[in-house]
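To start, the structure itself, in structure tokens.
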Amino acid sequence: MSDSPIITVNGLIKQFGRFAALRGVNATFAPGRLYAILGDNGAGKTTLLRSLAGLAPPTRGTISMLGTTKLRDVCAQLGYMAHPSLLYDEMSGMENLRYFARLYGITDRARCEGVIRAVKLDPALDRPVGQYSQGMRQRMSLARALLNDPRILLLDEPFSNVDVRSAREMSGLLRDLRDHGKTLFVVTHQASLLDGIADEFVWMESGQIVDRTPDLRRGGTA
Amino acid sequence: MSGISEIARVTLVKDLRLEWRSKDAINSMLFFSLLVVVIFSFSFDPTAEESRRIAGGLVWVAFLFAAVVALNQTWARELRNQVLDAYRVSPAPANSLFLAKALGNFIFVTVLEALMTPLFIVFYNLRALGPAYQLFLVAVLGTWALVVNGTFFAAMSLRTRSREIMLPLLLFPISIPALLAMVEATTSILTGEFSAKFWIVLLVAYDVVFTTGCLLLFEVVLHGE
């Protein structure tokens, strides 16, 4: 596996009005690794993830992904799971996935069924997503992010509102995805679920990356 | 990647399915228009001749206000659970989303017009003295003029704090030429006093210019912050 970076972030500044959510982030990320992004509320984790997804264009600085700074050109290689579900409450999980699959040119129903099973849900469940439990919604949201078999996965709080057993199953799934060569960025407050799974813990404070460590203990170099 | 038209088609089908299940837009529009018809009919007691002169204005103003309700609803459902972000991170073209939304709104407003027009005819005792088939043309062109700009400006005002106020503020001034053409054309057909041809041509030109402009600019609106 090549060690040349899959993502390079250079002097990334993101301002919302006068508030700077990211204050000069510089980092490179290698392919086929699982990065856990940690930090207190307001540290800039979600903004960094949204910037990588192309949803929050940089105020200054650049993001190079898969060899290009034009993120729209590589968005088909990207899977994004946000804190909200990004699903229509009035439609069933399968209906949602069938629709989003078409946006990627995927017409294969089996692909949708496959990702639903991968997150341990039943593709035949025809209840609207609005009637799902929070945990089921999170898993369906992860299934949506996996639809296009992306090379890079950006996951914002995938374990929130998920029971302990399901969260462990999900972290196992993330490990399998990494083992299959995917690059994953997981923003979480439940870092212990990724202990022994994540290749690197990226610590953020006040809109900057302040540390990168191979395990959950702080004190390495930035 | 699937073509623009295929993604527009599946997005339109999805929107129609969502509307069929929630009936958010159509119910609000229907009740609003019904109120307008009833209140106006109590407020005025026009003769048949006066009705023909004012009906064009009444009908189109009622449909314009009702359309704003639908236009706000269309994008509101994309904001719940931030579903719009799922579209923005996909490689699907922005124009497909715009076309689907505009066509969806066109269908909703057309259904409203089909249901409300008989009521207007009954309440205002209307009968066209000019070529009645031209009313169909005016309705199609006029409705498209309202929804194409409405869909665009509703998307533009999505991220503003008071988007329900912002939409009419943006939409109404820019709709004045179209509204004028719709009212004048309708009045001329109902009274039969002059030809509606000039106003219909104006509506065609308006539709072509604004549809092209919206299609060219929508990507900036969708991917902007």
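Letters A, B, ... go to the chains of the structure tokens in the order shown; residues in each chain start at 1; ligands are counted from 1 in the same order.
Neighbours of stretch 116-118 of chain A closer than or equal to 9 Å, with only C-alpha atoms counted and sequence neighbours fewer than 3 positions away skipped, come out as Gly93, Met94, Leu97, Arg111, Cys112, Glu113, Leu121, Asp122, Pro123, Arg139, Met140, Leu142, Ala143, Arg144 and Leu173 of chain A.
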Could you please take those selected residues and save C-alpha atoms as a PDB file, in the first residue's frame?
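Writing done, so here's selection01.pdb:
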```pdb
ATOM      1  CA  GLY A  93     -34.604   2.902   4.862  1.00  0.00           C
ATOM      2  CA  MET A  94     -34.630   1.014   1.577  1.00  0.00           C
ATOM      3  CA  LEU A  97     -30.998   4.217   0.002  1.00  0.00           C
ATOM      4  CA  ARG A 111     -26.089  -3.117  -3.296  1.00  0.00           C
ATOM      5  CA  CYS A 112     -28.596  -1.273  -1.079  1.00  0.00           C
ATOM      6  CA  GLU A 113     -29.640  -4.520   0.619  1.00  0.00           C
ATOM      7  CA  LEU A 121     -30.505  -3.856   9.858  1.00  0.00           C
ATOM      8  CA  ASP A 122     -33.228  -5.647   7.917  1.00  0.00           C
ATOM      9  CA  PRO A 123     -33.660  -4.478   4.290  1.00  0.00           C
ATOM     10  CA  ARG A 139     -26.855   2.688  11.445  1.00  0.00           C
ATOM     11  CA  MET A 140     -29.017   3.484   8.414  1.00  0.00           C
ATOM     12  CA  LEU A 142     -23.845   4.751   8.041  1.00  0.00           C
ATOM     13  CA  ALA A 143     -25.351   2.447   5.406  1.00  0.00           C
ATOM     14  CA  ARG A 144     -26.079   5.520   3.255  1.00  0.00           C
ATOM     15  CA  LEU A 173     -17.368  -2.817  10.919  1.00  0.00           C
TER      16      LEU A 173
END
```
Once you count only C-alpha atoms, which residues of chain A turn out to be within 6 Å of chain B? Could you give them as a VMD selection string? chain A and resid 75 to 76 84 to 87 103 105
Residues of stretch 183-222 of chain A at most 6 Å from stretch 33-39 of chain A: nearest atom pair and distance in Å, only C-alpha atoms, as a tab-separated table:
```
residue	atom	partner	partner_atom	distance
A:Thr183	CA	A:Arg33	CA	5.0
A:Leu184	CA	A:Leu34	CA	4.6
A:Phe185	CA	A:Tyr35	CA	4.8
A:Val186	CA	A:Ala36	CA	4.8
A:Val187	CA	A:Ile37	CA	4.7
A:Ala198	CA	A:Leu34	CA	4.9
A:Asp199	CA	A:Leu34	CA	5.3
A:Glu200	CA	A:Tyr35	CA	5.1
A:Phe201	CA	A:Ala36	CA	4.8
A:Val202	CA	A:Ile37	CA	4.7
A:Trp203	CA	A:Leu38	CA	4.9
A:Met204	CA	A:Gly39	CA	4.9
```
According to DSSP computed on the backbone, where in stretch 48-186 of chain A is there strand (DSSP E or B)? Give the residues as a PyMOL selection string. chain A and resi 60-65+68+78-81+92+128+152-156+183-186
Find the residues near A:Gly54: any atom within 8 Å, counting only C-alpha atoms, skip ones fewer than 4 places away on the same chain, and give them as a list in words. Arg50, Leu71 and Arg72 of chain A; Val89 of chain B
When you look at B:Trp144 with a cut-off of 9 Å (counting only C-alpha atoms), what residues show up, excluding the ones that are within fewer than 2 positions of it in the same chain? I need them as a PDB file with N, CA and C atoms, in the first residue's frame.
```
ATOM      1  N   ALA B 102     -38.363  22.411  -9.445  1.00  0.00           N
ATOM      2  CA  ALA B 102     -39.213  23.326 -10.214  1.00  0.00           C
ATOM      3  C   ALA B 102     -40.397  22.565 -10.819  1.00  0.00           C
ATOM      4  N   LEU B 103     -40.131  21.373 -11.369  1.00  0.00           N
ATOM      5  CA  LEU B 103     -41.221  20.573 -11.946  1.00  0.00           C
ATOM      6  C   LEU B 103     -42.208  20.131 -10.868  1.00  0.00           C
ATOM      7  N   ASN B 105     -42.877  21.690  -8.056  1.00  0.00           N
ATOM      8  CA  ASN B 105     -43.687  22.865  -7.684  1.00  0.00           C
ATOM      9  C   ASN B 105     -44.696  23.197  -8.768  1.00  0.00           C
ATOM     10  N   PHE B 106     -44.278  23.014 -10.029  1.00  0.00           N
ATOM     11  CA  PHE B 106     -45.195  23.259 -11.147  1.00  0.00           C
ATOM     12  C   PHE B 106     -46.408  22.327 -11.029  1.00  0.00           C
ATOM     13  N   ALA B 139     -51.979  29.994 -18.354  1.00  0.00           N
ATOM     14  CA  ALA B 139     -51.834  29.285 -17.074  1.00  0.00           C
ATOM     15  C   ALA B 139     -50.519  28.519 -17.030  1.00  0.00           C
ATOM     16  N   VAL B 140     -50.189  27.808 -18.113  1.00  0.00           N
ATOM     17  CA  VAL B 140     -48.962  27.004 -18.141  1.00  0.00           C
ATOM     18  C   VAL B 140     -47.734  27.916 -18.058  1.00  0.00           C
ATOM     19  N   LEU B 141     -47.695  28.927 -18.917  1.00  0.00           N
ATOM     20  CA  LEU B 141     -46.529  29.820 -18.950  1.00  0.00           C
ATOM     21  C   LEU B 141     -46.407  30.629 -17.656  1.00  0.00           C
ATOM     22  N   GLY B 142     -47.547  31.100 -17.151  1.00  0.00           N
ATOM     23  CA  GLY B 142     -47.543  31.912 -15.939  1.00  0.00           C
ATOM     24  C   GLY B 142     -47.129  31.093 -14.725  1.00  0.00           C
ATOM     25  N   LEU B 146     -43.813  31.621 -12.257  1.00  0.00           N
ATOM     26  CA  LEU B 146     -43.830  31.757 -10.796  1.00  0.00           C
ATOM     27  C   LEU B 146     -42.920  30.738 -10.131  1.00  0.00           C
ATOM     28  N   VAL B 147     -43.006  29.472 -10.582  1.00  0.00           N
ATOM     29  CA  VAL B 147     -42.279  28.423  -9.849  1.00  0.00           C
ATOM     30  C   VAL B 147     -40.784  28.400 -10.174  1.00  0.00           C
ATOM     31  N   VAL B 148     -40.402  28.786 -11.369  1.00  0.00           N
ATOM     32  CA  VAL B 148     -38.977  28.706 -11.707  1.00  0.00           C
ATOM     33  C   VAL B 148     -38.181  29.715 -10.869  1.00  0.00           C
ATOM     34  N   ASN B 149     -38.675  30.928 -10.777  1.00  0.00           N
ATOM     35  CA  ASN B 149     -38.006  31.918  -9.924  1.00  0.00           C
ATOM     36  C   ASN B 149     -38.201  31.595  -8.460  1.00  0.00           C
ATOM     37  N   ASP B 207     -40.030  33.351 -19.387  1.00  0.00           N
ATOM     38  CA  ASP B 207     -39.745  31.968 -18.974  1.00  0.00           C
ATOM     39  C   ASP B 207     -38.389  31.508 -19.491  1.00  0.00           C
ATOM     40  N   THR B 211     -35.500  30.804 -16.819  1.00  0.00           N
ATOM     41  CA  THR B 211     -35.150  29.378 -16.691  1.00  0.00           C
ATOM     42  C   THR B 211     -33.660  29.211 -16.986  1.00  0.00           C
TER      43      THR B 211
END
```
Residues of stretch 7-188 of chain A in helix (DSSP H, G or I), written as number ranges by chain: A: 45-52, 71-77, 93-103, 109-118, 129-131, 134-146, 164-179
Quick one: residues within 12 Å of A:Lys70, only C-alpha atoms, excluding same-chain residues fewer than 3 positions away - as a list in words? Leu52, Ala53, Gly54, Pro57, Pro58, Thr62, Ile63, Ser64, Met65, Leu66, Gly67, Asp73, Val74 and Cys75 of chain A
Could you list, as a CSV table (one decimal) with C-alpha atoms, in the first residue's frame, every residue within 7 Å of B:Leu167, counting only C-alpha atoms and ignoring same-chain residues fewer than 5 positions away?
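New file selection-v4.csv:
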```
chain,number,residue,atom,x,y,z
B,153,PHE,CA,-35.1,32.2,-4.7
B,154,ALA,CA,-36.5,29.7,-2.1
B,157,SER,CA,-33.1,32.1,1.1
```
Non-local contacts of A:Gly44 (12 Å; only C-alpha atoms; under 6 positions in same chain excluded) as a PDB file with N, CA and C atoms, in the first residue's frame:
```pdb
ATOM      1  N   LEU A  12      -5.231  25.455   6.627  1.00  0.00           N
ATOM      2  CA  LEU A  12      -6.700  25.560   6.499  1.00  0.00           C
ATOM      3  C   LEU A  12      -7.297  26.458   7.581  1.00  0.00           C
ATOM      4  N   ILE A  13      -7.913  27.513   7.105  1.00  0.00           N
ATOM      5  CA  ILE A  13      -8.638  28.426   7.996  1.00  0.00           C
ATOM      6  C   ILE A  13     -10.092  28.450   7.555  1.00  0.00           C
ATOM      7  N   LYS A  14     -11.002  28.286   8.518  1.00  0.00           N
ATOM      8  CA  LYS A  14     -12.425  28.379   8.194  1.00  0.00           C
ATOM      9  C   LYS A  14     -13.077  29.340   9.169  1.00  0.00           C
ATOM     10  N   GLN A  15     -13.598  30.416   8.605  1.00  0.00           N
ATOM     11  CA  GLN A  15     -14.254  31.420   9.443  1.00  0.00           C
ATOM     12  C   GLN A  15     -15.743  31.453   9.175  1.00  0.00           C
ATOM     13  N   PHE A  16     -16.515  31.629  10.237  1.00  0.00           N
ATOM     14  CA  PHE A  16     -17.949  31.881  10.111  1.00  0.00           C
ATOM     15  C   PHE A  16     -18.158  33.296  10.651  1.00  0.00           C
ATOM     16  N   PHE A  19     -15.922  34.536  13.607  1.00  0.00           N
ATOM     17  CA  PHE A  19     -15.459  33.396  14.404  1.00  0.00           C
ATOM     18  C   PHE A  19     -14.662  32.425  13.525  1.00  0.00           C
ATOM     19  N   ALA A  20     -13.453  32.120  13.979  1.00  0.00           N
ATOM     20  CA  ALA A  20     -12.630  31.166  13.228  1.00  0.00           C
ATOM     21  C   ALA A  20     -12.793  29.774  13.830  1.00  0.00           C
ATOM     22  N   ALA A  21     -13.447  28.877  13.089  1.00  0.00           N
ATOM     23  CA  ALA A  21     -13.653  27.506  13.586  1.00  0.00           C
ATOM     24  C   ALA A  21     -12.399  26.670  13.377  1.00  0.00           C
ATOM     25  N   LEU A  22     -11.662  26.949  12.304  1.00  0.00           N
ATOM     26  CA  LEU A  22     -10.380  26.281  12.065  1.00  0.00           C
ATOM     27  C   LEU A  22      -9.327  27.370  11.913  1.00  0.00           C
ATOM     28  N   ARG A  23      -8.206  27.216  12.624  1.00  0.00           N
ATOM     29  CA  ARG A  23      -7.200  28.289  12.643  1.00  0.00           C
ATOM     30  C   ARG A  23      -5.853  27.787  12.148  1.00  0.00           C
ATOM     31  N   GLY A  24      -5.777  27.475  10.891  1.00  0.00           N
ATOM     32  CA  GLY A  24      -4.501  27.082  10.310  1.00  0.00           C
ATOM     33  C   GLY A  24      -4.166  25.622  10.552  1.00  0.00           C
ATOM     34  N   VAL A  25      -4.998  24.743  10.021  1.00  0.00           N
ATOM     35  CA  VAL A  25      -4.757  23.300  10.177  1.00  0.00           C
ATOM     36  C   VAL A  25      -3.792  22.837   9.085  1.00  0.00           C
ATOM     37  N   ILE A  37     -10.749  11.403  15.387  1.00  0.00           N
ATOM     38  CA  ILE A  37     -10.553  12.838  15.634  1.00  0.00           C
ATOM     39  C   ILE A  37     -11.244  13.188  16.955  1.00  0.00           C
ATOM     40  N   LEU A  38     -10.452  13.655  17.885  1.00  0.00           N
ATOM     41  CA  LEU A  38     -10.962  13.872  19.239  1.00  0.00           C
ATOM     42  C   LEU A  38     -10.785  15.335  19.636  1.00  0.00           C
ATOM     43  N   ARG A  50     -16.451  18.581   7.689  1.00  0.00           N
ATOM     44  CA  ARG A  50     -17.275  19.206   6.643  1.00  0.00           C
ATOM     45  C   ARG A  50     -16.403  19.839   5.564  1.00  0.00           C
ATOM     46  N   SER A  51     -15.251  20.371   5.976  1.00  0.00           N
ATOM     47  CA  SER A  51     -14.334  20.939   4.979  1.00  0.00           C
ATOM     48  C   SER A  51     -13.796  19.837   4.073  1.00  0.00           C
ATOM     49  N   ALA A  56     -17.909  22.775   3.554  1.00  0.00           N
ATOM     50  CA  ALA A  56     -17.513  24.063   4.149  1.00  0.00           C
ATOM     51  C   ALA A  56     -16.217  24.500   3.477  1.00  0.00           C
ATOM     52  N   ASP A 156     -19.153  11.497  11.346  1.00  0.00           N
ATOM     53  CA  ASP A 156     -19.294  12.421  12.470  1.00  0.00           C
ATOM     54  C   ASP A 156     -20.169  11.774  13.543  1.00  0.00           C
ATOM     55  N   VAL A 187     -15.024  11.243  13.839  1.00  0.00           N
ATOM     56  CA  VAL A 187     -15.140  12.214  14.930  1.00  0.00           C
ATOM     57  C   VAL A 187     -15.967  11.560  16.022  1.00  0.00           C
ATOM     58  N   VAL A 202      -6.198  11.849  16.518  1.00  0.00           N
ATOM     59  CA  VAL A 202      -5.868  13.234  16.142  1.00  0.00           C
ATOM     60  C   VAL A 202      -6.590  14.145  17.128  1.00  0.00           C
ATOM     61  N   TRP A 203      -5.823  14.901  17.889  1.00  0.00           N
ATOM     62  CA  TRP A 203      -6.406  15.726  18.962  1.00  0.00           C
ATOM     63  C   TRP A 203      -6.548  17.161  18.471  1.00  0.00           C
ATOM     64  N   MET A 204      -7.733  17.705  18.663  1.00  0.00           N
ATOM     65  CA  MET A 204      -7.969  19.101  18.240  1.00  0.00           C
ATOM     66  C   MET A 204      -8.334  19.984  19.428  1.00  0.00           C
ATOM     67  N   GLU A 205      -7.869  21.219  19.343  1.00  0.00           N
ATOM     68  CA  GLU A 205      -8.216  22.227  20.349  1.00  0.00           C
ATOM     69  C   GLU A 205      -8.283  23.579  19.660  1.00  0.00           C
ATOM     70  N   SER A 206      -9.292  24.326  19.924  1.00  0.00           N
ATOM     71  CA  SER A 206      -9.431  25.700  19.405  1.00  0.00           C
ATOM     72  C   SER A 206      -9.130  25.797  17.914  1.00  0.00           C
ATOM     73  N   GLY A 207      -9.663  24.894  17.138  1.00  0.00           N
ATOM     74  CA  GLY A 207      -9.526  24.961  15.685  1.00  0.00           C
ATOM     75  C   GLY A 207      -8.181  24.542  15.135  1.00  0.00           C
ATOM     76  N   GLN A 208      -7.399  23.846  15.953  1.00  0.00           N
ATOM     77  CA  GLN A 208      -6.095  23.383  15.469  1.00  0.00           C
ATOM     78  C   GLN A 208      -5.847  21.938  15.883  1.00  0.00           C
ATOM     79  N   ILE A 209      -5.024  21.250  15.094  1.00  0.00           N
ATOM     80  CA  ILE A 209      -4.587  19.917  15.508  1.00  0.00           C
ATOM     81  C   ILE A 209      -3.397  20.117  16.448  1.00  0.00           C
ATOM     82  N   VAL A 210      -3.553  19.651  17.686  1.00  0.00           N
ATOM     83  CA  VAL A 210      -2.505  19.916  18.679  1.00  0.00           C
ATOM     84  C   VAL A 210      -1.672  18.673  18.982  1.00  0.00           C
TER      85      VAL A 210
END
```
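For the atom pair formed by atom CA of B:Ser175 and atom CA of B:Phe31, the distance is 23.1 Å, given to one decimal.
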Just the number, please: distance in Å from atom CA of B:Leu112 to atom CA of B:Leu30, one decimal. 6.4 Å
Could you check the closest approach to A:Ala167 for each of A:Arg60, A:Lys120, A:Arg98, A:His83 and tell me which residue wins, using only C-alpha atoms? A:Lys120
